[in-house]
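Asks: Okay, so here is model-v7.cif, and as you'll see once you scroll down, it has mmCIF, C-alpha atoms and all ligand atoms.
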data_entry
loop_
_atom_site.label_atom_id
_atom_site.label_comp_id
_atom_site.auth_asym_id
_atom_site.auth_seq_id
_atom_site.Cartn_x
_atom_site.Cartn_y
_atom_site.Cartn_z
CA MET V 1 11.66 4.42 -6.78
CA ASP V 2 11.18 3.08 -3.29
CA GLY V 3 11.90 6.08 -1.11
CA ARG V 4 15.45 5.11 -0.27
CA PRO V 5 17.75 8.12 -0.43
CA ALA V 6 20.16 8.05 -3.35
CA GLY V 7 23.86 8.17 -2.73
CA THR V 8 23.78 5.99 0.37
CA TRP V 9 24.73 2.36 0.88
CA SER V 10 21.11 1.33 0.30
CA ALA V 11 20.72 2.95 -3.14
CA PRO V 12 19.90 0.28 -5.75
CA GLY V 13 22.87 -0.95 -7.74
CA VAL V 14 25.77 -3.37 -7.87
CA TYR V 15 28.83 -2.41 -5.86
CA PRO V 16 32.23 -4.09 -6.24
CA VAL V 17 33.71 -5.31 -2.97
CA ALA V 18 36.74 -7.34 -4.04
CA ALA V 19 37.75 -9.39 -7.08
CA GLY V 20 34.76 -11.62 -7.86
CA VAL V 21 32.64 -10.27 -4.98
CA HIS V 22 29.80 -7.77 -5.38
CA ARG V 23 27.31 -6.18 -3.00
CA ILE V 24 23.68 -5.75 -4.04
CA PRO V 25 21.40 -3.93 -1.56
CA LEU V 26 17.80 -5.17 -1.78
CA PRO V 27 14.69 -3.37 -0.53
CA LEU V 28 12.80 -4.14 2.68
CA PRO V 29 9.18 -3.19 3.35
CA ASN V 30 8.51 -0.38 5.85
CA ASP V 31 11.69 -1.11 7.64
CA GLY V 32 14.02 1.17 9.55
CA LEU V 33 16.89 -0.95 8.30
CA ARG V 34 16.27 0.44 4.77
CA ALA V 35 17.82 -2.47 2.87
CA VAL V 36 19.57 -5.80 3.19
CA ASN V 37 22.86 -6.46 1.39
CA VAL V 38 23.33 -9.70 -0.45
CA TYR V 39 26.85 -10.54 -1.56
CA VAL V 40 27.39 -12.21 -4.91
CA ILE V 41 30.47 -14.42 -5.13
CA GLU V 42 31.53 -15.52 -8.60
CA ASP V 43 32.67 -19.12 -8.21
CA GLY V 44 33.82 -20.29 -11.62
CA ASP V 45 30.83 -19.79 -13.90
CA GLU V 46 28.33 -20.23 -11.08
CA LEU V 47 27.20 -17.83 -8.41
CA VAL V 48 27.09 -18.24 -4.67
CA LEU V 49 25.08 -15.69 -2.68
CA VAL V 50 25.60 -14.78 0.95
CA ASP V 51 22.07 -14.04 2.19
CA SER V 52 19.14 -13.75 -0.18
CA GLY V 53 16.86 -10.88 0.77
CA TRP V 54 13.21 -10.83 1.77
CA ALA V 55 10.86 -12.66 -0.63
CA LEU V 56 9.25 -9.63 -2.27
CA ASP V 57 8.65 -8.85 -5.95
CA GLU V 58 10.72 -5.63 -5.85
CA SER V 59 13.55 -7.44 -4.16
CA ARG V 60 13.64 -10.20 -6.75
CA GLN V 61 13.54 -7.61 -9.58
CA GLU V 62 16.46 -5.68 -8.15
CA LEU V 63 18.44 -8.87 -7.65
CA GLU V 64 17.71 -9.94 -11.21
CA GLN V 65 18.73 -6.53 -12.57
CA GLY V 66 21.90 -6.54 -10.51
CA LEU V 67 22.87 -10.00 -11.75
CA GLN V 68 22.17 -8.92 -15.34
CA THR V 69 24.61 -6.04 -14.91
CA LEU V 70 27.20 -8.67 -14.05
CA GLY V 71 26.22 -10.87 -17.01
CA TYR V 72 24.28 -13.48 -15.02
CA GLU V 73 20.71 -14.47 -14.31
CA LEU V 74 18.85 -15.80 -11.28
CA GLY V 75 19.22 -19.38 -12.54
CA ASP V 76 23.01 -19.06 -12.24
CA ILE V 77 22.75 -18.99 -8.45
CA ARG V 78 23.99 -22.41 -7.39
CA ARG V 79 23.97 -21.88 -3.68
CA PHE V 80 22.67 -19.55 -0.99
CA LEU V 81 24.76 -19.30 2.15
CA VAL V 82 22.40 -17.72 4.65
CA THR V 83 23.79 -16.11 7.81
CA HIS V 84 20.62 -16.54 9.87
CA VAL V 85 16.96 -17.40 9.79
CA HIS V 86 15.40 -13.91 9.85
CA ARG V 87 13.09 -13.39 6.91
CA ASP V 88 15.06 -10.55 5.33
CA HIS V 89 17.97 -12.97 4.90
CA TYR V 90 16.33 -16.35 4.30
CA THR V 91 12.96 -16.21 2.56
CA GLN V 92 13.96 -15.12 -0.94
CA ALA V 93 16.29 -18.12 -1.12
CA VAL V 94 13.31 -20.42 -0.46
CA VAL V 95 11.28 -18.87 -3.27
CA LEU V 96 14.17 -18.88 -5.77
CA ARG V 97 15.02 -22.50 -4.91
CA ARG V 98 11.53 -23.52 -6.01
CA LEU V 99 12.08 -21.86 -9.38
CA PHE V 100 15.71 -22.67 -10.09
CA GLY V 101 16.75 -25.55 -7.87
CA SER V 102 19.52 -23.66 -6.11
CA ARG V 103 20.66 -25.07 -2.77
CA ILE V 104 20.33 -23.38 0.61
CA ALA V 105 22.73 -23.66 3.53
CA LEU V 106 21.90 -22.37 7.02
CA GLY V 107 23.57 -22.61 10.46
CA LEU V 108 22.66 -25.73 12.42
CA GLY V 109 21.65 -23.60 15.42
CA GLU V 110 18.65 -22.30 13.47
CA GLN V 111 17.04 -25.74 13.45
CA PRO V 112 14.69 -25.09 16.42
CA ALA V 113 13.46 -21.86 14.82
CA ILE V 114 12.77 -23.57 11.47
CA ASP V 115 11.12 -26.54 13.21
CA LEU V 116 8.83 -24.26 15.19
CA VAL V 117 7.63 -22.32 12.17
CA LEU V 118 7.13 -25.55 10.15
CA THR V 119 5.42 -27.66 12.81
CA ARG V 120 3.66 -25.07 15.00
CA PRO V 121 3.39 -21.82 13.00
CA GLY V 122 0.46 -20.72 15.13
CA ASP V 123 2.75 -20.66 18.17
CA VAL V 124 5.31 -18.18 16.85
CA ALA V 125 3.44 -14.98 17.73
CA PRO V 126 1.90 -16.26 21.03
CA VAL V 127 5.35 -17.34 22.22
CA ARG V 128 6.62 -13.81 21.57
CA LEU V 129 3.67 -12.22 23.35
CA ALA V 130 4.04 -14.58 26.32
CA PHE V 131 7.67 -13.54 26.58
CA LEU V 132 6.65 -9.85 26.61
CA LEU V 133 4.08 -10.59 29.34
CA SER V 134 6.82 -12.21 31.42
CA CYS V 135 8.76 -8.94 30.99
CA GLY V 136 5.84 -7.02 32.52
CA ALA V 137 4.86 -5.44 29.18
CA THR V 138 1.09 -6.01 29.52
CA ALA V 139 0.13 -2.68 27.91
CA LEU V 140 2.44 -3.28 24.96
CA VAL V 141 0.99 -6.76 24.40
CA GLU V 142 -2.50 -5.25 24.27
CA THR V 143 -1.31 -2.68 21.71
CA LEU V 144 0.30 -5.38 19.59
CA ARG V 145 -2.80 -7.59 19.76
CA ASP V 146 -5.01 -4.66 18.77
CA ALA V 147 -2.72 -4.03 15.80
CA GLY V 148 -3.15 -7.66 14.68
CA PHE V 149 0.42 -8.69 15.51
CA GLY V 150 1.25 -12.16 14.24
CA GLU V 151 -2.13 -12.81 12.62
CA SER V 152 -0.69 -13.37 9.17
CA ILE V 153 2.39 -15.53 9.44
CA ASP V 154 3.79 -16.25 5.98
CA VAL V 155 4.05 -20.03 6.45
CA ASP V 156 4.56 -20.65 2.74
CA LEU V 157 7.89 -18.76 2.81
CA TRP V 158 9.51 -21.25 5.18
CA GLU V 159 11.16 -24.54 4.33
CA LYS V 160 14.15 -26.45 5.58
CA PRO V 161 17.54 -25.70 4.03
CA ASP V 162 19.31 -28.37 1.96
CA GLU V 163 22.30 -28.24 4.24
CA TRP V 164 22.93 -27.41 7.90
CA LEU V 165 26.26 -25.64 8.42
CA THR V 166 28.42 -26.57 11.40
CA ASP V 167 31.02 -24.51 13.19
CA VAL V 168 34.38 -23.97 11.59
CA SER V 169 33.73 -26.03 8.53
CA ASP V 170 34.70 -25.17 5.00
CA VAL V 171 31.93 -24.07 2.68
CA GLY V 172 33.56 -25.86 -0.23
CA LEU V 173 33.67 -23.30 -3.03
CA ALA V 174 35.58 -24.00 -6.22
CA THR V 175 37.65 -20.81 -6.26
CA ARG V 176 38.18 -19.66 -2.67
CA ARG V 177 38.26 -20.95 0.86
CA LEU V 178 35.34 -19.72 2.91
CA ALA V 179 35.05 -20.82 6.52
CA VAL V 180 31.78 -21.08 8.43
CA VAL V 181 32.17 -19.63 11.92
CA ALA V 182 29.26 -19.93 14.37
CA ALA V 183 28.51 -16.53 15.90
CA PRO V 184 25.39 -17.02 18.06
CA GLY V 185 23.71 -14.05 19.70
CA HIS V 186 21.67 -12.10 17.15
CA THR V 187 20.03 -15.49 16.67
CA ARG V 188 21.05 -18.88 18.06
CA GLY V 189 22.26 -20.20 14.75
CA HIS V 190 23.85 -17.09 13.26
CA VAL V 191 27.00 -17.87 11.28
CA VAL V 192 29.55 -15.64 9.58
CA PHE V 193 31.69 -16.57 6.59
CA LEU V 194 35.38 -15.79 6.67
CA ASP V 195 37.62 -15.56 3.62
CA ALA V 196 40.92 -15.37 5.50
CA GLU V 197 43.11 -15.19 2.41
CA HIS V 198 41.35 -12.10 1.05
CA ARG V 199 40.56 -10.76 4.50
CA LEU V 200 36.81 -10.55 4.01
CA LEU V 201 34.18 -11.26 6.64
CA PHE V 202 30.63 -11.80 5.44
CA ALA V 203 29.15 -10.79 8.77
CA GLY V 204 25.37 -10.96 8.31
CA ASP V 205 23.81 -9.13 11.27
CA HIS V 206 26.50 -10.18 13.75
CA VAL V 207 28.63 -7.06 13.30
CA LEU V 208 26.84 -4.07 11.77
CA PRO V 209 28.72 -0.82 11.12
CA HIS V 210 26.16 1.79 12.19
CA ILE V 211 23.64 0.10 14.43
CA THR V 212 23.77 -2.38 17.27
CA PRO V 213 22.20 -5.68 16.21
CA SER V 214 19.22 -6.87 18.23
CA VAL V 215 20.08 -9.85 20.42
CA GLY V 216 17.90 -12.91 20.85
CA PHE V 217 14.91 -11.69 18.86
CA GLU V 218 13.58 -15.11 17.96
CA ALA V 219 10.80 -17.47 18.96
CA GLN V 220 13.05 -19.86 20.88
CA PRO V 221 15.98 -17.84 22.25
CA ALA V 222 18.96 -19.32 24.08
CA ASP V 223 19.25 -19.06 27.88
CA LEU V 224 21.66 -16.10 27.77
CA PRO V 225 21.60 -14.60 24.28
CA LEU V 226 23.66 -11.56 25.28
CA GLY V 227 26.33 -13.75 26.87
CA ASP V 228 26.51 -15.67 23.58
CA TYR V 229 26.61 -12.45 21.59
CA LEU V 230 29.46 -10.90 23.57
CA SER V 231 31.44 -14.16 23.29
CA SER V 232 30.83 -14.14 19.55
CA LEU V 233 32.11 -10.55 19.32
CA ARG V 234 35.27 -11.50 21.25
CA LEU V 235 35.64 -14.48 18.94
CA MET V 236 36.01 -12.09 16.00
CA LEU V 237 39.00 -10.47 17.72
CA GLY V 238 40.73 -13.86 17.74
CA TYR V 239 40.83 -13.92 13.93
CA GLN V 240 43.00 -11.68 11.82
CA ASP V 241 41.24 -8.40 11.12
CA ALA V 242 39.17 -8.27 7.94
CA THR V 243 37.01 -5.98 5.87
CA LEU V 244 33.49 -5.92 7.32
CA LEU V 245 30.81 -6.94 4.82
CA PRO V 246 27.60 -6.36 6.79
CA ALA V 247 24.04 -7.23 5.85
CA HIS V 248 22.82 -3.73 6.72
CA GLY V 249 25.00 -0.67 6.16
CA PRO V 250 28.08 0.10 4.10
CA VAL V 251 31.22 -2.01 3.83
CA ALA V 252 33.64 -0.94 6.58
CA PRO V 253 37.42 -1.37 6.86
CA SER V 254 37.78 -3.20 10.18
CA VAL V 255 35.78 -5.97 11.84
CA HIS V 256 37.95 -5.59 14.95
CA GLN V 257 37.26 -1.91 15.37
CA ARG V 258 33.52 -2.35 15.15
CA ALA V 259 33.49 -5.46 17.37
CA ARG V 260 35.34 -3.48 20.04
CA GLU V 261 32.87 -0.59 19.75
CA LEU V 262 29.96 -3.01 20.17
CA LEU V 263 31.59 -4.58 23.24
CA VAL V 264 32.01 -1.10 24.78
CA HIS V 265 28.40 -0.26 23.92
CA HIS V 266 27.05 -3.33 25.72
CA THR V 267 29.24 -2.73 28.76
CA ALA V 268 27.70 0.74 29.02
CA ARG V 269 24.21 -0.66 28.47
CA LEU V 270 24.68 -3.22 31.23
CA ASP V 271 25.71 -0.40 33.59
CA ALA V 272 22.73 1.70 32.48
CA CYS V 273 20.38 -1.23 33.18
CA LEU V 274 21.84 -1.56 36.68
CA ALA V 275 21.39 2.17 37.28
CA ALA V 276 17.78 1.98 36.07
CA ALA V 277 17.11 -0.97 38.37
CA HIS V 278 18.66 1.03 41.18
CA GLN V 279 16.16 3.82 40.48
CA GLY V 280 13.29 1.40 40.98
CA GLY V 281 12.76 -0.42 37.66
CA HIS V 282 12.17 -4.08 38.46
CA THR V 283 10.88 -5.62 35.24
CA ALA V 284 12.48 -5.43 31.79
CA TYR V 285 9.53 -3.26 30.75
CA GLU V 286 10.10 -0.79 33.59
CA VAL V 287 13.85 -0.68 32.99
CA ALA V 288 13.31 -0.15 29.24
CA HIS V 289 11.30 2.99 30.06
CA ARG V 290 14.29 4.40 31.93
CA LEU V 291 16.81 3.89 29.12
CA PRO V 292 17.49 6.02 26.02
CA TRP V 293 16.88 4.26 22.67
CA THR V 294 18.44 4.45 19.21
CA ARG V 295 21.48 6.51 18.35
CA ARG V 296 19.33 9.61 18.81
CA GLY V 297 18.58 8.82 22.44
CA ARG V 298 14.81 8.54 21.98
CA ARG V 299 12.46 7.87 24.89
CA PHE V 300 10.83 4.46 25.03
CA ALA V 301 7.37 6.00 24.57
CA GLU V 302 8.49 7.56 21.27
CA LEU V 303 9.23 4.15 19.71
CA ASP V 304 6.61 2.38 17.61
CA PRO V 305 5.17 -0.86 19.07
CA PHE V 306 7.48 -3.10 17.01
CA ASN V 307 10.56 -1.24 18.22
CA GLN V 308 9.17 -1.20 21.77
CA MET V 309 8.98 -4.98 21.51
CA LEU V 310 12.62 -5.11 20.42
CA ALA V 311 13.59 -2.68 23.18
CA VAL V 312 11.94 -4.77 25.91
CA GLY V 313 13.64 -7.91 24.60
CA GLU V 314 16.95 -6.07 24.44
CA THR V 315 16.56 -4.92 28.05
CA ALA V 316 15.64 -8.42 29.21
CA VAL V 317 18.77 -9.99 27.71
CA HIS V 318 20.92 -7.38 29.48
CA LEU V 319 19.17 -7.92 32.82
CA ASP V 320 19.43 -11.71 32.45
CA LEU V 321 23.17 -11.41 31.88
CA LEU V 322 23.53 -9.14 34.94
CA ALA V 323 21.70 -11.80 36.96
CA ALA V 324 23.89 -14.60 35.56
CA GLU V 325 26.98 -12.58 36.52
CA GLY V 326 25.66 -12.12 40.06
CA ARG V 327 25.23 -8.35 39.69
CA ALA V 328 21.44 -8.60 40.15
CA THR V 329 19.02 -11.22 41.42
CA ARG V 330 16.29 -12.57 39.19
CA SER V 331 13.02 -14.01 40.42
CA ILE V 332 9.67 -14.92 38.93
CA VAL V 333 6.53 -13.77 40.70
CA ASP V 334 3.13 -14.59 39.19
CA GLY V 335 4.79 -15.31 35.85
CA ILE V 336 6.60 -11.96 35.74
CA VAL V 337 10.38 -11.82 35.85
CA THR V 338 11.73 -9.22 38.27
CA TYR V 339 15.26 -8.09 39.00
CA HIS V 340 16.66 -6.65 42.21
CA LEU V 341 20.06 -5.37 43.20
ZN ZN D 401 18.84 -8.50 9.01
#
How does the structure come out when it is put into structure tokens?
Ligand SMILES: [Zn+2]
Replies:
Amino acid sequence: MDGRPAGTWSAPGVYPVAAGVHRIPLPLPNDGLRAVNVYVIEDGDELVLVDSGWALDESRQELEQGLQTLGYELGDIRRFLVTHVHRDHYTQAVVLRRLFGSRIALGLGEQPAIDLVLTRPGDVAPVRLAFLLSCGATALVETLRDAGFGESIDVDLWEKPDEWLTDVSDVGLATRRLAVVAAPGHTRGHVVFLDAEHRLLFAGDHVLPHITPSVGFEAQPADLPLGDYLSSLRLMLGYQDATLLPAHGPVAPSVHQRARELLVHHTARLDACLAAAHQGGHTAYEVAHRLPWTRRGRRFAELDPFNQMLAVGETAVHLDLLAAEGRATRSIVDGIVTYHL
């Protein structure tokens, strides 16, 4: 139907997760992530959804079909609890709210991102390109500009949520306790939802089972997104272990195990960035060229421009953390950030 291989986590359908909780993977356009999981929580005779999917016709149809299988319809969704502001999680909630009056909750830390897109939508892409220029990625910026990057921002898909979620508050469901835990890093305002009694963590993109989430890919990132992210991973280890309900990938048995793996991964990446800087890479762009990418160990040049953009950002957040920890020095020369050992 949409090119997604059958028999994998992303195959269309409704998958039971726990009593009253179901996973519905929804399609994404031309995206290496394949699909985004939304989780349907039956709360009395109303539905609460964790994440909403990308506002696309196919996505809405699959959600509608999935809900029908469960004996519900789109209008039964009372509330969307959205883990973060990225469009594959947030935008379908905005569109469905217009039709059905459901309410949307989003982490308070996403306010600057929402404000930027609502008040200065024309700045979103230029801010990103300016960041890449500061990383020394002049050639990549030219490629992205030639490809029309950021020319068509979908302003009509963005609105404020009804409710801003704050750290360690209770979501207030009728039938279960669900705690909001701020987990900044992937984005500034990323939150996860913890059902401690049933040992379920609705993790969004904070902890993903098969891939390492991008860190700080947003128009207005924090000062040290990777520092925030690593703290947020350690934070997960302070809670009792739970089943991992990720937004991309299959349900996995242990949040703790995956959080530890991600911590080890970033420790190795920090060391690899230092080694690359030692070999003469001084900007994030130069260091990114000296690192292997994806689980397959691809070369930077083999990535498409969008993934090169993510890779440069990823490298920059590692180098910035090394500088903050005193393992490298960071300076800005002619608008370009350079790192030295
Ligand atoms: Zn996502």
Asks: What are the closest atom pairs, with distances in Å to one decimal, for all residues of region 180-229 of chain V lying within 10 Å of region 105-119 of chain V? Consider all atoms listed in the file, order rows by chain and residue number, and present the result as a Markdown table.
Replies:
| residue | atom | partner | partner_atom | distance |
| --- | --- | --- | --- | --- |
| V:Val180 | CA | V:Gly107 | CA | 8.6 |
| V:Val181 | CA | V:Gly107 | CA | 9.2 |
| V:Ala182 | CA | V:Gly107 | CA | 7.4 |
| V:Ala183 | CA | V:Gly107 | CA | 9.5 |
| V:Pro184 | CA | V:Gly109 | CA | 8.0 |
| V:Thr187 | CA | V:Glu110 | CA | 7.6 |
| V:Arg188 | CA | V:Gly109 | CA | 5.4 |
| V:Gly189 | CA | V:Gly109 | CA | 3.5 |
| V:His190 | CA | V:Gly107 | CA | 6.2 |
| V:Val191 | CA | V:Gly107 | CA | 5.9 |
| V:Val192 | CA | V:Gly107 | CA | 9.2 |
| V:Glu218 | CA | V:Ala113 | CA | 7.4 |
| V:Ala219 | CA | V:Ala113 | CA | 6.6 |
| V:Gln220 | CA | V:Ala113 | CA | 6.4 |
| V:Pro221 | CA | V:Ala113 | CA | 8.8 |
Asks: Using 9 Å as the limit and counting all atoms listed in the file, can you tabulate each residue of chain V that touches ligand ZN 401 (chain D), with its shortest atom-to-atom distance in Å and the two atoms involved, as a tab-separated table?
Replies:
residue	atom	partner	partner_atom	distance
V:Leu33	CA	D:ZN401	ZN	7.8
V:Ala35	CA	D:ZN401	ZN	8.7
V:Val36	CA	D:ZN401	ZN	6.5
V:Asn37	CA	D:ZN401	ZN	8.9
V:Gly53	CA	D:ZN401	ZN	8.8
V:His84	CA	D:ZN401	ZN	8.3
V:His86	CA	D:ZN401	ZN	6.5
V:Arg87	CA	D:ZN401	ZN	7.8
V:Asp88	CA	D:ZN401	ZN	5.7
V:His89	CA	D:ZN401	ZN	6.1
V:Gly204	CA	D:ZN401	ZN	7.0
V:Asp205	CA	D:ZN401	ZN	5.5
V:Pro213	CA	D:ZN401	ZN	8.4
V:Ala247	CA	D:ZN401	ZN	6.2
V:His248	CA	D:ZN401	ZN	6.6
Asks: Can you tell me, as a list in words, what residues are no more than 9 Å from Ser232 (chain V) when counting all atoms listed in the file, ignoring any on the same chain fewer than 2 positions away?
Replies: Ala182, Ala183, Pro184, Gly185, His206, Gly227, Asp228, Tyr229, Leu230, Arg234, Leu235 and Met236 of chain V
Asks: Please provide as a list in words all residues within 10 Å of Ser52 (chain V), with the sequence filter that same-chain residues fewer than 5 positions apart are discarded (counting all atoms listed in the file).
Replies: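 So, after excluding close chain neighbours, the residues are Ile24, Leu26, Val36, Asn37, Val38, Tyr39, Val40, Ser59, Arg60, Leu63, Phe80, Leu81, Val82, Thr83, Arg87, Asp88, His89, Tyr90, Thr91, Gln92, Ala93, Val94, Val95, Leu96 and Ile104 of chain V.
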Asks: Print the selection's residues with C-alpha atoms to a file, as a PDB file, keeping the file's coordinate frame.
Replies:
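Done, and the output landed in again-v9.pdb:
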ATOM      1  CA  ILE V  24      23.680  -5.750  -4.040  1.00  0.00           C
ATOM      2  CA  LEU V  26      17.800  -5.170  -1.780  1.00  0.00           C
ATOM      3  CA  VAL V  36      19.570  -5.800   3.190  1.00  0.00           C
ATOM      4  CA  ASN V  37      22.860  -6.460   1.390  1.00  0.00           C
ATOM      5  CA  VAL V  38      23.330  -9.700  -0.450  1.00  0.00           C
ATOM      6  CA  TYR V  39      26.850 -10.540  -1.560  1.00  0.00           C
ATOM      7  CA  VAL V  40      27.390 -12.210  -4.910  1.00  0.00           C
ATOM      8  CA  SER V  59      13.550  -7.440  -4.160  1.00  0.00           C
ATOM      9  CA  ARG V  60      13.640 -10.200  -6.750  1.00  0.00           C
ATOM     10  CA  LEU V  63      18.440  -8.870  -7.650  1.00  0.00           C
ATOM     11  CA  PHE V  80      22.670 -19.550  -0.990  1.00  0.00           C
ATOM     12  CA  LEU V  81      24.760 -19.300   2.150  1.00  0.00           C
ATOM     13  CA  VAL V  82      22.400 -17.720   4.650  1.00  0.00           C
ATOM     14  CA  THR V  83      23.790 -16.110   7.810  1.00  0.00           C
ATOM     15  CA  ARG V  87      13.090 -13.390   6.910  1.00  0.00           C
ATOM     16  CA  ASP V  88      15.060 -10.550   5.330  1.00  0.00           C
ATOM     17  CA  HIS V  89      17.970 -12.970   4.900  1.00  0.00           C
ATOM     18  CA  TYR V  90      16.330 -16.350   4.300  1.00  0.00           C
ATOM     19  CA  THR V  91      12.960 -16.210   2.560  1.00  0.00           C
ATOM     20  CA  GLN V  92      13.960 -15.120  -0.940  1.00  0.00           C
ATOM     21  CA  ALA V  93      16.290 -18.120  -1.120  1.00  0.00           C
ATOM     22  CA  VAL V  94      13.310 -20.420  -0.460  1.00  0.00           C
ATOM     23  CA  VAL V  95      11.280 -18.870  -3.270  1.00  0.00           C
ATOM     24  CA  LEU V  96      14.170 -18.880  -5.770  1.00  0.00           C
ATOM     25  CA  ILE V 104      20.330 -23.380   0.610  1.00  0.00           C
TER      26      ILE V 104
END
Asks: May I have the protein, DNA and RNA residues with an atom at most 8 Å from (11.5, -2.0, 33.3), counting all atoms listed in the file in the file's coordinates, returned as a PDB file with C-alpha atoms, keeping the file's coordinate frame?
Replies:
ATOM      1  CA  CYS V 135       8.760  -8.940  30.990  1.00  0.00           C
ATOM      2  CA  GLY V 136       5.840  -7.020  32.520  1.00  0.00           C
ATOM      3  CA  ALA V 276      17.780   1.980  36.070  1.00  0.00           C
ATOM      4  CA  ALA V 277      17.110  -0.970  38.370  1.00  0.00           C
ATOM      5  CA  GLY V 281      12.760  -0.420  37.660  1.00  0.00           C
ATOM      6  CA  HIS V 282      12.170  -4.080  38.460  1.00  0.00           C
ATOM      7  CA  THR V 283      10.880  -5.620  35.240  1.00  0.00           C
ATOM      8  CA  ALA V 284      12.480  -5.430  31.790  1.00  0.00           C
ATOM      9  CA  TYR V 285       9.530  -3.260  30.750  1.00  0.00           C
ATOM     10  CA  GLU V 286      10.100  -0.790  33.590  1.00  0.00           C
ATOM     11  CA  VAL V 287      13.850  -0.680  32.990  1.00  0.00           C
ATOM     12  CA  ALA V 288      13.310  -0.150  29.240  1.00  0.00           C
ATOM     13  CA  HIS V 289      11.300   2.990  30.060  1.00  0.00           C
ATOM     14  CA  ARG V 290      14.290   4.400  31.930  1.00  0.00           C
ATOM     15  CA  VAL V 312      11.940  -4.770  25.910  1.00  0.00           C
ATOM     16  CA  THR V 315      16.560  -4.920  28.050  1.00  0.00           C
TER      17      THR V 315
END
Asks: Please provide the set of residues having any atom within 6 Å of Leu194 (chain V), restricted to only C-alpha atoms, with same-chain residues fewer than 2 positions apart removed, written as a PyMOL selection string.
Replies: chain V and resi 178-179+196+201
Asks: Can region 13-29 of chain V be brought up to N, CA and C atoms and written out as an mmCIF file, keeping the file's coordinate frame?
Replies:
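Final output, saved to part07.cif:
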data_model
loop_
_atom_site.group_PDB
_atom_site.id
_atom_site.type_symbol
_atom_site.label_atom_id
_atom_site.label_comp_id
_atom_site.auth_asym_id
_atom_site.auth_seq_id
_atom_site.Cartn_x
_atom_site.Cartn_y
_atom_site.Cartn_z
ATOM 1 N N GLY V 13 21.698 -0.862 -6.867
ATOM 2 C CA GLY V 13 22.870 -0.950 -7.740
ATOM 3 C C GLY V 13 23.694 -2.182 -7.413
ATOM 4 N N VAL V 14 24.823 -2.275 -8.097
ATOM 5 C CA VAL V 14 25.770 -3.370 -7.870
ATOM 6 C C VAL V 14 27.099 -2.721 -7.504
ATOM 7 N N TYR V 15 27.634 -3.081 -6.353
ATOM 8 C CA TYR V 15 28.830 -2.410 -5.860
ATOM 9 C C TYR V 15 29.963 -3.436 -5.732
ATOM 10 N N PRO V 16 31.113 -3.163 -6.374
ATOM 11 C CA PRO V 16 32.230 -4.090 -6.240
ATOM 12 C C PRO V 16 32.809 -4.049 -4.840
ATOM 13 N N VAL V 17 33.153 -5.203 -4.318
ATOM 14 C CA VAL V 17 33.710 -5.310 -2.970
ATOM 15 C C VAL V 17 35.161 -5.772 -3.034
ATOM 16 N N ALA V 18 35.403 -6.769 -3.858
ATOM 17 C CA ALA V 18 36.740 -7.340 -4.040
ATOM 18 C C ALA V 18 36.662 -8.110 -5.354
ATOM 19 N N ALA V 19 37.772 -8.633 -5.828
ATOM 20 C CA ALA V 19 37.750 -9.390 -7.080
ATOM 21 C C ALA V 19 36.743 -10.532 -6.959
ATOM 22 N N GLY V 20 35.741 -10.534 -7.852
ATOM 23 C CA GLY V 20 34.760 -11.620 -7.860
ATOM 24 C C GLY V 20 33.713 -11.546 -6.759
ATOM 25 N N VAL V 21 33.646 -10.422 -6.042
ATOM 26 C CA VAL V 21 32.640 -10.270 -4.980
ATOM 27 C C VAL V 21 31.921 -8.931 -5.154
ATOM 28 N N HIS V 22 30.603 -8.973 -5.136
ATOM 29 C CA HIS V 22 29.800 -7.770 -5.380
ATOM 30 C C HIS V 22 28.709 -7.671 -4.324
ATOM 31 N N ARG V 23 28.387 -6.431 -3.971
ATOM 32 C CA ARG V 23 27.310 -6.180 -3.000
ATOM 33 C C ARG V 23 26.096 -5.647 -3.736
ATOM 34 N N ILE V 24 24.935 -6.246 -3.455
ATOM 35 C CA ILE V 24 23.680 -5.750 -4.040
ATOM 36 C C ILE V 24 22.698 -5.491 -2.887
ATOM 37 N N PRO V 25 22.401 -4.210 -2.602
ATOM 38 C CA PRO V 25 21.400 -3.930 -1.560
ATOM 39 C C PRO V 25 19.997 -4.172 -2.109
ATOM 40 N N LEU V 26 19.162 -4.860 -1.348
ATOM 41 C CA LEU V 26 17.800 -5.170 -1.780
ATOM 42 C C LEU V 26 16.797 -4.549 -0.826
ATOM 43 N N PRO V 27 15.639 -4.135 -1.352
ATOM 44 C CA PRO V 27 14.690 -3.370 -0.530
ATOM 45 C C PRO V 27 13.995 -4.221 0.543
ATOM 46 N N LEU V 28 13.587 -3.540 1.604
ATOM 47 C CA LEU V 28 12.800 -4.140 2.680
ATOM 48 C C LEU V 28 11.520 -3.326 2.819
ATOM 49 N N PRO V 29 10.427 -3.955 3.211
ATOM 50 C CA PRO V 29 9.180 -3.190 3.350
ATOM 51 C C PRO V 29 9.141 -2.435 4.677
#
